[in-house]
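With CSV, C-alpha atoms inside, this is entry.csv:
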chain,number,residue,atom,x,y,z
A,563,MET,CA,177.6,42.2,124.3
A,564,SER,CA,174.8,43.6,126.5
A,565,SER,CA,171.6,41.6,126.7
A,566,ALA,CA,168.4,42.8,124.9
A,567,PRO,CA,166.1,45.0,126.9
A,568,THR,CA,162.9,43.5,128.2
A,569,LEU,CA,159.4,44.8,127.8
A,570,GLU,CA,159.4,45.8,131.4
A,571,GLU,CA,162.6,47.8,131.1
A,572,ILE,CA,161.3,49.7,128.1
A,573,THR,CA,158.0,50.4,129.8
A,574,SER,CA,159.7,51.6,132.9
A,575,ALA,CA,161.9,53.9,130.9
A,576,LEU,CA,158.8,55.4,129.2
A,577,GLU,CA,157.2,56.0,132.5
A,578,ALA,CA,160.3,57.7,133.8
A,579,LEU,CA,160.5,59.8,130.7
A,580,GLU,CA,156.8,60.8,131.3
A,581,ALA,CA,157.5,62.0,134.8
A,582,GLU,CA,160.7,63.8,133.7
A,583,ALA,CA,158.9,65.6,130.8
A,584,ALA,CA,156.0,66.7,133.0
A,585,ALA,CA,158.3,68.2,135.6
A,586,ALA,CA,160.6,69.9,133.0
A,587,ILE,CA,157.7,71.4,131.1
A,588,ALA,CA,156.0,72.8,134.2
A,589,GLU,CA,159.3,74.6,135.1
A,590,ALA,CA,160.0,76.0,131.7
A,591,PRO,CA,160.5,79.8,132.2
A,592,ASP,CA,159.8,81.0,128.7
A,593,ALA,CA,158.9,80.1,125.1
A,594,ALA,CA,162.6,79.5,124.1
A,595,ALA,CA,163.1,77.0,126.9
A,596,LEU,CA,159.9,75.3,126.0
A,597,GLU,CA,160.9,74.9,122.4
A,598,GLN,CA,164.3,73.4,123.5
A,599,LEU,CA,162.4,70.9,125.7
A,600,ARG,CA,160.2,69.9,122.7
A,601,ILE,CA,163.3,69.2,120.7
A,602,ASP,CA,165.0,67.3,123.5
A,603,LEU,CA,162.0,65.1,124.2
A,604,LEU,CA,160.3,64.6,120.8
A,605,GLY,CA,163.0,65.4,118.2
A,606,LYS,CA,164.6,62.9,115.9
A,607,LYS,CA,167.5,62.6,118.4
A,608,GLY,CA,165.3,63.2,121.4
A,609,LYS,CA,164.8,61.0,124.5
A,610,LEU,CA,161.6,59.4,123.2
A,611,SER,CA,163.3,58.3,120.0
A,612,GLY,CA,166.2,56.9,122.1
A,613,VAL,CA,163.9,54.7,124.2
A,614,LEU,CA,162.0,53.5,121.1
A,615,GLY,CA,165.2,52.6,119.4
A,616,ALA,CA,165.4,49.5,121.6
A,617,MET,CA,161.9,48.4,120.6
A,618,GLY,CA,163.3,46.6,117.6
A,619,LYS,CA,165.0,44.0,119.8
A,620,LEU,CA,161.7,43.0,121.4
A,621,PRO,CA,159.8,40.0,120.2
A,622,GLY,CA,157.2,40.8,117.5
A,623,ASP,CA,154.2,40.3,119.8
A,624,GLN,CA,155.5,42.9,122.3
A,625,ARG,CA,156.3,45.7,120.0
A,626,PRO,CA,152.7,46.9,119.5
A,627,VAL,CA,152.4,47.2,123.3
A,628,VAL,CA,155.4,49.5,123.4
A,629,GLY,CA,154.3,51.5,120.4
A,630,GLN,CA,150.9,52.1,121.8
A,631,ARG,CA,152.5,53.3,125.1
A,632,ALA,CA,154.9,55.5,123.3
A,633,ASN,CA,152.1,57.2,121.3
A,634,VAL,CA,150.2,57.9,124.5
A,635,LEU,CA,153.4,59.5,126.0
A,636,LYS,CA,154.0,61.6,122.8
A,637,THR,CA,150.4,62.9,122.8
A,638,GLN,CA,150.6,63.7,126.5
A,639,VAL,CA,153.9,65.5,126.1
A,640,GLN,CA,152.6,67.6,123.2
A,641,SER,CA,149.5,68.5,125.2
A,642,LEU,CA,151.7,69.6,128.2
A,643,LEU,CA,153.8,71.6,125.9
A,644,GLN,CA,150.8,73.4,124.4
A,645,GLU,CA,149.3,74.1,127.8
A,646,ARG,CA,152.5,75.5,129.1
A,647,GLN,CA,152.9,77.7,126.0
A,648,SER,CA,149.4,79.1,126.5
A,649,ALA,CA,150.1,79.7,130.2
A,650,LEU,CA,153.4,81.6,129.3
A,651,LYS,CA,151.6,83.8,126.7
A,652,ALA,CA,148.8,84.6,129.2
A,653,ALA,CA,151.4,85.5,131.9
A,654,ALA,CA,153.3,87.7,129.5
A,655,LEU,CA,150.1,89.5,128.5
A,656,GLU,CA,149.1,90.1,132.1
A,657,ALA,CA,152.5,91.4,132.8
A,658,ARG,CA,152.3,93.8,129.9
A,659,ILE,CA,148.9,95.0,130.9
A,660,ALA,CA,150.0,95.6,134.4
A,661,SER,CA,153.1,97.6,133.2
A,662,GLU,CA,151.0,99.7,130.8
A,663,THR,CA,148.0,100.3,133.0
A,664,ILE,CA,146.8,103.9,133.3
A,665,ASP,CA,145.1,104.9,136.5
A,666,VAL,CA,142.0,106.5,135.2
A,667,THR,CA,141.0,107.6,138.7
A,668,LEU,CA,143.6,110.3,138.6
A,669,PRO,CA,142.3,113.8,137.8
A,670,PRO,CA,143.2,114.8,134.2
A,671,VAL,CA,145.6,117.6,133.4
A,672,TYR,CA,144.1,119.8,130.7
A,673,THR,CA,143.2,123.3,129.6
A,674,PRO,CA,139.4,123.8,129.8
A,675,ALA,CA,137.9,124.4,126.4
A,676,GLY,CA,136.8,128.0,126.0
A,677,HIS,CA,133.8,129.4,124.1
A,678,ARG,CA,133.1,132.2,121.8
A,679,HIS,CA,133.0,135.8,123.0
A,680,PRO,CA,129.4,137.2,123.1
A,681,LEU,CA,130.4,139.8,120.5
A,682,LEU,CA,131.6,137.0,118.1
A,683,SER,CA,128.5,134.9,118.7
A,684,THR,CA,126.3,137.9,118.1
A,685,THR,CA,128.1,138.7,114.8
A,686,ASP,CA,127.8,135.1,113.7
A,687,ALA,CA,124.1,135.1,114.4
A,688,ILE,CA,123.6,138.3,112.3
A,689,VAL,CA,125.8,137.0,109.5
A,690,ASP,CA,123.9,133.7,109.4
A,691,ILE,CA,120.5,135.5,109.0
A,692,PHE,CA,121.7,137.6,106.0
A,693,CYS,CA,123.6,134.7,104.4
A,694,GLY,CA,120.3,132.8,104.5
A,695,LEU,CA,118.8,135.7,102.5
A,696,GLY,CA,121.4,135.3,99.8
A,697,TYR,CA,124.0,137.9,101.0
A,698,ARG,CA,127.7,137.1,101.1
A,699,VAL,CA,130.4,138.4,103.5
A,700,VAL,CA,133.0,140.9,102.3
A,701,GLU,CA,135.8,142.4,104.3
A,702,GLY,CA,138.3,145.3,104.0
A,703,PRO,CA,141.1,147.1,105.8
A,704,ASP,CA,140.8,148.8,109.2
A,705,ILE,CA,143.1,151.6,107.9
A,706,GLU,CA,141.3,153.5,105.2
A,707,SER,CA,141.8,156.6,103.0
A,708,ASP,CA,139.7,159.7,103.3
A,709,TYR,CA,138.2,158.9,99.9
A,710,TYR,CA,136.8,155.5,100.8
A,711,ASN,CA,135.7,156.5,104.3
A,712,PHE,CA,134.1,159.8,103.5
A,713,SER,CA,134.3,161.3,100.0
A,714,ALA,CA,133.0,158.2,98.1
A,715,LEU,CA,130.1,158.1,100.5
A,716,ASN,CA,128.9,161.6,99.7
A,717,ILE,CA,130.7,163.2,102.8
A,718,PRO,CA,133.0,165.8,101.3
A,719,GLU,CA,135.4,167.9,103.4
A,720,GLU,CA,133.8,170.3,105.8
A,721,HIS,CA,130.6,168.3,105.7
A,722,PRO,CA,128.9,168.4,109.2
A,723,ALA,CA,128.6,164.6,109.1
A,724,ARG,CA,132.3,164.3,109.6
A,725,ASP,CA,132.0,165.8,113.0
A,726,MET,CA,129.7,162.9,114.0
A,727,GLN,CA,132.3,160.5,112.9
A,728,ASP,CA,135.5,162.0,114.2
A,729,THR,CA,138.2,159.4,114.1
A,730,PHE,CA,141.9,158.7,114.6
A,731,TYR,CA,144.0,160.1,111.8
A,732,LEU,CA,147.3,158.7,110.6
A,733,PRO,CA,150.2,160.2,108.6
A,734,GLY,CA,149.3,161.0,105.1
A,735,ASP,CA,145.7,160.5,103.8
A,736,ARG,CA,145.0,157.7,106.1
A,737,LEU,CA,142.7,157.1,109.1
A,738,LEU,CA,141.0,154.4,111.1
A,739,ARG,CA,137.7,153.7,109.4
A,740,THR,CA,134.6,155.0,111.2
A,741,HIS,CA,132.2,152.4,109.6
A,742,THR,CA,132.4,149.4,107.3
A,743,SER,CA,130.8,151.3,104.4
A,744,PRO,CA,134.2,151.7,102.7
A,745,VAL,CA,134.1,147.9,102.2
A,746,GLN,CA,131.0,148.3,100.1
A,747,ILE,CA,132.7,150.9,97.9
A,748,ARG,CA,135.8,148.7,97.4
A,749,HIS,CA,133.5,145.8,96.5
A,750,LEU,CA,131.6,147.8,93.9
A,751,GLU,CA,134.8,148.9,92.2
A,752,SER,CA,135.6,145.3,91.2
A,753,ASN,CA,132.1,143.8,91.2
A,754,PRO,CA,129.4,145.3,89.0
A,755,PRO,CA,125.8,145.0,90.2
A,756,PRO,CA,123.6,143.2,91.0
A,757,VAL,CA,125.3,142.8,94.5
A,758,ARG,CA,124.1,141.7,97.9
A,759,VAL,CA,126.8,141.9,100.5
A,760,ILE,CA,127.3,142.3,104.2
A,761,ALA,CA,130.4,143.8,105.8
A,762,PRO,CA,131.1,142.9,109.4
A,763,GLY,CA,134.2,144.4,111.1
A,764,ARG,CA,135.8,146.6,113.7
A,765,VAL,CA,135.4,150.4,113.5
A,766,TYR,CA,136.8,153.4,115.4
A,767,ARG,CA,135.6,156.8,116.5
A,768,ARG,CA,136.8,159.4,119.0
A,769,ASP,CA,133.9,158.8,121.4
A,770,ALA,CA,134.3,159.3,125.1
A,771,VAL,CA,134.1,156.0,127.0
A,772,ASP,CA,130.9,155.5,129.0
A,773,ALA,CA,128.2,152.9,129.5
A,774,THR,CA,127.0,153.1,125.9
A,775,HIS,CA,130.1,154.4,123.9
A,776,SER,CA,133.5,153.1,123.1
A,777,PRO,CA,136.2,154.3,120.7
A,778,VAL,CA,136.4,150.8,119.3
A,779,PHE,CA,133.3,148.8,118.4
A,780,HIS,CA,131.9,146.5,115.8
A,781,GLN,CA,129.5,147.0,112.9
A,782,VAL,CA,127.7,145.0,110.3
A,783,GLU,CA,126.6,146.9,107.2
A,784,VAL,CA,124.3,145.6,104.4
A,785,LEU,CA,124.2,146.6,100.8
A,786,ALA,CA,121.9,145.5,98.0
A,787,ILE,CA,122.0,147.0,94.5
A,788,ASP,CA,119.9,145.8,91.6
A,789,GLU,CA,117.3,146.9,89.1
A,790,GLY,CA,114.0,147.9,90.6
A,791,LEU,CA,114.8,147.9,94.3
A,792,ASP,CA,112.8,150.4,96.3
A,793,PHE,CA,112.0,151.2,100.0
A,794,SER,CA,109.6,148.2,100.3
A,795,HIS,CA,112.4,145.8,99.7
A,796,LEU,CA,114.5,147.6,102.3
A,797,ARG,CA,111.6,147.5,104.8
A,798,GLY,CA,110.9,143.9,104.2
A,799,THR,CA,114.6,142.8,104.5
A,800,VAL,CA,115.2,144.8,107.7
A,801,SER,CA,111.9,143.6,109.3
A,802,HIS,CA,112.7,140.0,108.5
A,803,PHE,CA,116.2,140.3,109.9
A,804,LEU,CA,115.0,142.0,113.2
A,805,LYS,CA,112.3,139.4,113.8
A,806,ALA,CA,114.7,136.6,113.1
A,807,PHE,CA,117.1,138.0,115.6
A,808,PHE,CA,114.9,139.4,118.4
A,809,GLY,CA,111.7,137.4,117.8
A,810,ASP,CA,108.2,138.5,116.7
A,811,LEU,CA,108.4,142.1,118.1
A,812,PRO,CA,106.9,145.3,116.8
A,813,VAL,CA,109.3,147.2,114.4
A,814,ARG,CA,109.0,150.8,113.4
A,815,PHE,CA,110.9,153.1,110.9
A,816,ARG,CA,111.5,156.8,111.7
A,817,ALA,CA,112.6,159.3,109.2
A,818,SER,CA,116.3,160.3,109.7
A,819,TYR,CA,119.3,161.5,107.7
A,820,PHE,CA,122.5,159.9,106.5
A,821,PRO,CA,124.7,161.5,103.8
A,822,PHE,CA,124.9,158.4,101.7
A,823,THR,CA,121.2,157.4,101.7
A,824,GLU,CA,118.1,159.2,100.6
A,825,PRO,CA,115.5,158.6,102.0
A,826,SER,CA,116.9,157.5,105.3
A,827,ALA,CA,115.4,155.9,108.4
A,828,GLU,CA,116.2,154.9,112.0
A,829,VAL,CA,114.8,151.5,113.0
A,830,ASP,CA,113.4,150.7,116.4
A,831,VAL,CA,112.1,147.5,118.1
A,832,GLN,CA,109.7,147.4,121.0
A,833,TRP,CA,111.8,145.5,123.6
A,834,ARG,CA,110.4,144.9,127.1
A,835,GLY,CA,107.8,147.6,126.9
A,836,ARG,CA,109.9,150.4,125.3
A,837,TRP,CA,111.2,151.4,121.9
A,838,LEU,CA,114.9,150.8,121.3
A,839,GLU,CA,116.8,152.3,118.4
A,840,VAL,CA,118.8,149.4,116.9
A,841,MET,CA,120.0,150.4,113.4
A,842,GLY,CA,119.9,152.9,110.5
A,843,CYS,CA,119.1,152.3,106.9
A,844,GLY,CA,118.0,154.0,103.7
A,845,MET,CA,118.0,153.9,99.9
A,846,VAL,CA,121.5,154.5,98.4
A,847,ASP,CA,121.9,158.1,97.4
A,848,PRO,CA,122.0,158.5,93.6
A,849,ALA,CA,125.1,160.7,94.0
A,850,VAL,CA,126.9,157.6,95.5
A,851,LEU,CA,125.9,155.5,92.5
A,852,GLU,CA,127.1,158.1,90.1
A,853,GLY,CA,130.4,158.4,91.9
A,854,MET,CA,130.8,154.7,91.3
A,855,GLY,CA,130.0,155.0,87.6
A,856,LEU,CA,126.6,153.5,87.9
A,857,ASP,CA,123.5,154.8,86.2
A,858,PRO,CA,121.0,155.8,88.9
A,859,GLU,CA,118.2,155.6,86.4
A,860,ARG,CA,118.9,151.9,85.9
A,861,TRP,CA,120.3,150.8,89.3
A,862,SER,CA,118.9,151.4,92.7
A,863,GLY,CA,119.7,149.9,96.1
A,864,PHE,CA,119.5,150.1,99.9
A,865,ALA,CA,122.0,150.0,102.7
A,866,ALA,CA,121.6,149.3,106.4
A,867,GLY,CA,124.0,149.4,109.3
A,868,LEU,CA,124.0,148.2,112.9
A,869,GLY,CA,126.3,148.1,115.9
A,870,VAL,CA,127.0,144.6,117.1
A,871,GLU,CA,127.5,145.8,120.7
A,872,ARG,CA,124.0,147.3,120.8
A,873,PHE,CA,122.5,144.0,119.5
A,874,CYS,CA,124.5,142.0,122.0
A,875,MET,CA,123.6,144.2,124.9
A,876,VAL,CA,119.9,144.2,124.1
A,877,ARG,CA,119.7,140.4,123.6
A,878,HIS,CA,121.6,139.6,126.8
A,879,GLY,CA,120.5,142.5,129.0
A,880,ILE,CA,124.0,143.9,129.4
A,881,ASP,CA,123.9,147.4,131.0
A,882,ASP,CA,127.4,148.6,130.2
A,883,ILE,CA,129.4,148.3,126.9
A,884,ARG,CA,132.6,148.3,128.9
A,885,ARG,CA,131.9,144.9,130.2
A,886,LEU,CA,132.4,143.5,126.7
A,887,PHE,CA,136.0,144.6,126.6
A,888,THR,CA,137.3,144.0,130.2
A,889,SER,CA,138.0,140.2,129.7
A,890,ASP,CA,136.5,139.6,133.1
A,891,LEU,CA,135.9,135.8,133.2
A,892,ARG,CA,133.2,136.2,135.8
A,893,PHE,CA,131.2,138.1,133.2
A,894,LEU,CA,132.2,136.2,130.0
A,895,GLU,CA,131.5,132.7,131.5
A,896,GLN,CA,127.8,133.6,131.6
A,897,PHE,CA,127.6,133.2,127.8

Rewrite the structure from the file as structure tokens, please.
Amino acid sequence: MSSAPTLEEITSALEALEAEAAAAIAEAPDAAALEQLRIDLLGKKGKLSGVLGAMGKLPGDQRPVVGQRANVLKTQVQSLLQERQSALKAAALEARIASETIDVTLPPVYTPAGHRHPLLSTTDAIVDIFCGLGYRVVEGPDIESDYYNFSALNIPEEHPARDMQDTFYLPGDRLLRTHTSPVQIRHLESNPPPVRVIAPGRVYRRDAVDATHSPVFHQVEVLAIDEGLDFSHLRGTVSHFLKAFFGDLPVRFRASYFPFTEPSAEVDVQWRGRWLEVMGCGMVDPAVLEGMGLDPERWSGFAAGLGVERFCMVRHGIDDIRRLFTSDLRFLEQF
């Protein structure tokens, strides 16, 4: 039978275990190895329990000394395990950060954001002003019938006004609209007055291409029909719109002629020292109201129309309408 271990032998074994644990913990490569060390050192069948198993053979007065030394070792091993675990987590995080790092100094690869074409921004500005006055936007087809484009607007066949709006004709009774007034007729067919609408859109005429004319251009037309409307309402609306768009400039109305309005007027603004014609307007002709089944004795209204290209060119000082359709970035990037 082997002799009972002495206090010195057990203390020496605890010191050896302390050195062994510190070295093993420091070299643990990962969390799994660290957990296995914890079990081997501090588990029920671990090395510390094996050393303490011999403590029962010591005299009673020596056991507390061994127990106190074993508790110090256990606390130290637990602390080393926690420190190593924290170090392993920090190293793993650093490795992940290093592997997922993006070099923000590299130039980005992207498509530069564009901006709105000057014609679109001009249209938006016009629409915003009229919407602020209580008007709403209505739209219609670019391909129209003769009825909506001419006849319903008091422009019968052989009327001289048709020569001023010669357009592109399609098979049958169809054509490319010469103005956005047909949108107003379509709206009135399904919406009884009172109405206040604006009709922006693309229109077509067989105009020769030059600095101020294009076979394709854009219009915004205005229509208000209600009881008791007269020319003063038209003048106030148009004057407010022009001053909101161009600023506080002198505005004048000149007598003119349009088949679908009576009386009619051209409107000018004094821009940079000279008068510029910017739009046409007038009271809706009673014949147009009667054609829509409306009683001209009860209902009255006014209409106005403008070319978006003209407003855009005046506001930005553009000298040639063709610049708006060439898609030249050197020109468009100015806006």

(message) From the options A:Asn633, A:Ser661, A:Ser889, A:Gln647, which residue's atoms come nearest to Glu597 (chain A), counting all atoms listed in the file?
(response)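 Distance minimum relative to Glu597 (chain A) lands on A:Gln647.
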
(request) Have a look at A:Arg797, A:His679, A:Arg739, A:Lys607 and name the one nearest to Gln896 (chain A); count only C-alpha atoms. (result) A:His679

Report as a tab-separated table: every residue of region 641-712 of chain A with an atom at most 12 Å from region 842-863 of chain A, its closest pair of atoms, and their distance in Å to one decimal, counting only C-alpha atoms, with rows sorted by chain and ascending residue number.
residue	atom	partner	partner_atom	distance
A:Tyr709	CA	A:Gly853	CA	11.2
A:Tyr710	CA	A:Met854	CA	11.3
A:Phe712	CA	A:Val850	CA	11.0

(message) Calculated over all atoms listed in the file, which of the candidates A:Thr823, A:Gly790, A:Leu599, A:Thr774 has the smallest distance to Asp882 (chain A)?
(response)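 Distance minimum relative to Asp882 (chain A) lands on A:Thr774.
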
(request) Could you check which of A:Val870, A:Val831, A:Leu886, A:Leu750 is closest to Ser801 (chain A), using all atoms listed in the file? (result) A:Val831

(message) Neighbouring residues of Leu738 (chain A) were defined as those with any atom within 6 Å, considering all atoms listed in the file; residues of the same chain fewer than 5 positions away were excluded. Please report them as a ChimeraX atom specification.
(response) /A:704-706,730

Please write as a PDB file with C-alpha atoms, in the coordinates of the input the list of polymer residues whose atoms come within 8 Å of (151.0, 72.6, 132.1), counting only C-alpha atoms and keeping to the coordinates of the file.
ATOM      1  CA  ALA A 584     156.000  66.700 133.000  1.00  0.00           C
ATOM      2  CA  ILE A 587     157.700  71.400 131.100  1.00  0.00           C
ATOM      3  CA  ALA A 588     156.000  72.800 134.200  1.00  0.00           C
ATOM      4  CA  LEU A 642     151.700  69.600 128.200  1.00  0.00           C
ATOM      5  CA  LEU A 643     153.800  71.600 125.900  1.00  0.00           C
ATOM      6  CA  GLN A 644     150.800  73.400 124.400  1.00  0.00           C
ATOM      7  CA  GLU A 645     149.300  74.100 127.800  1.00  0.00           C
ATOM      8  CA  ARG A 646     152.500  75.500 129.100  1.00  0.00           C
ATOM      9  CA  ALA A 649     150.100  79.700 130.200  1.00  0.00           C
TER      10      ALA A 649
END
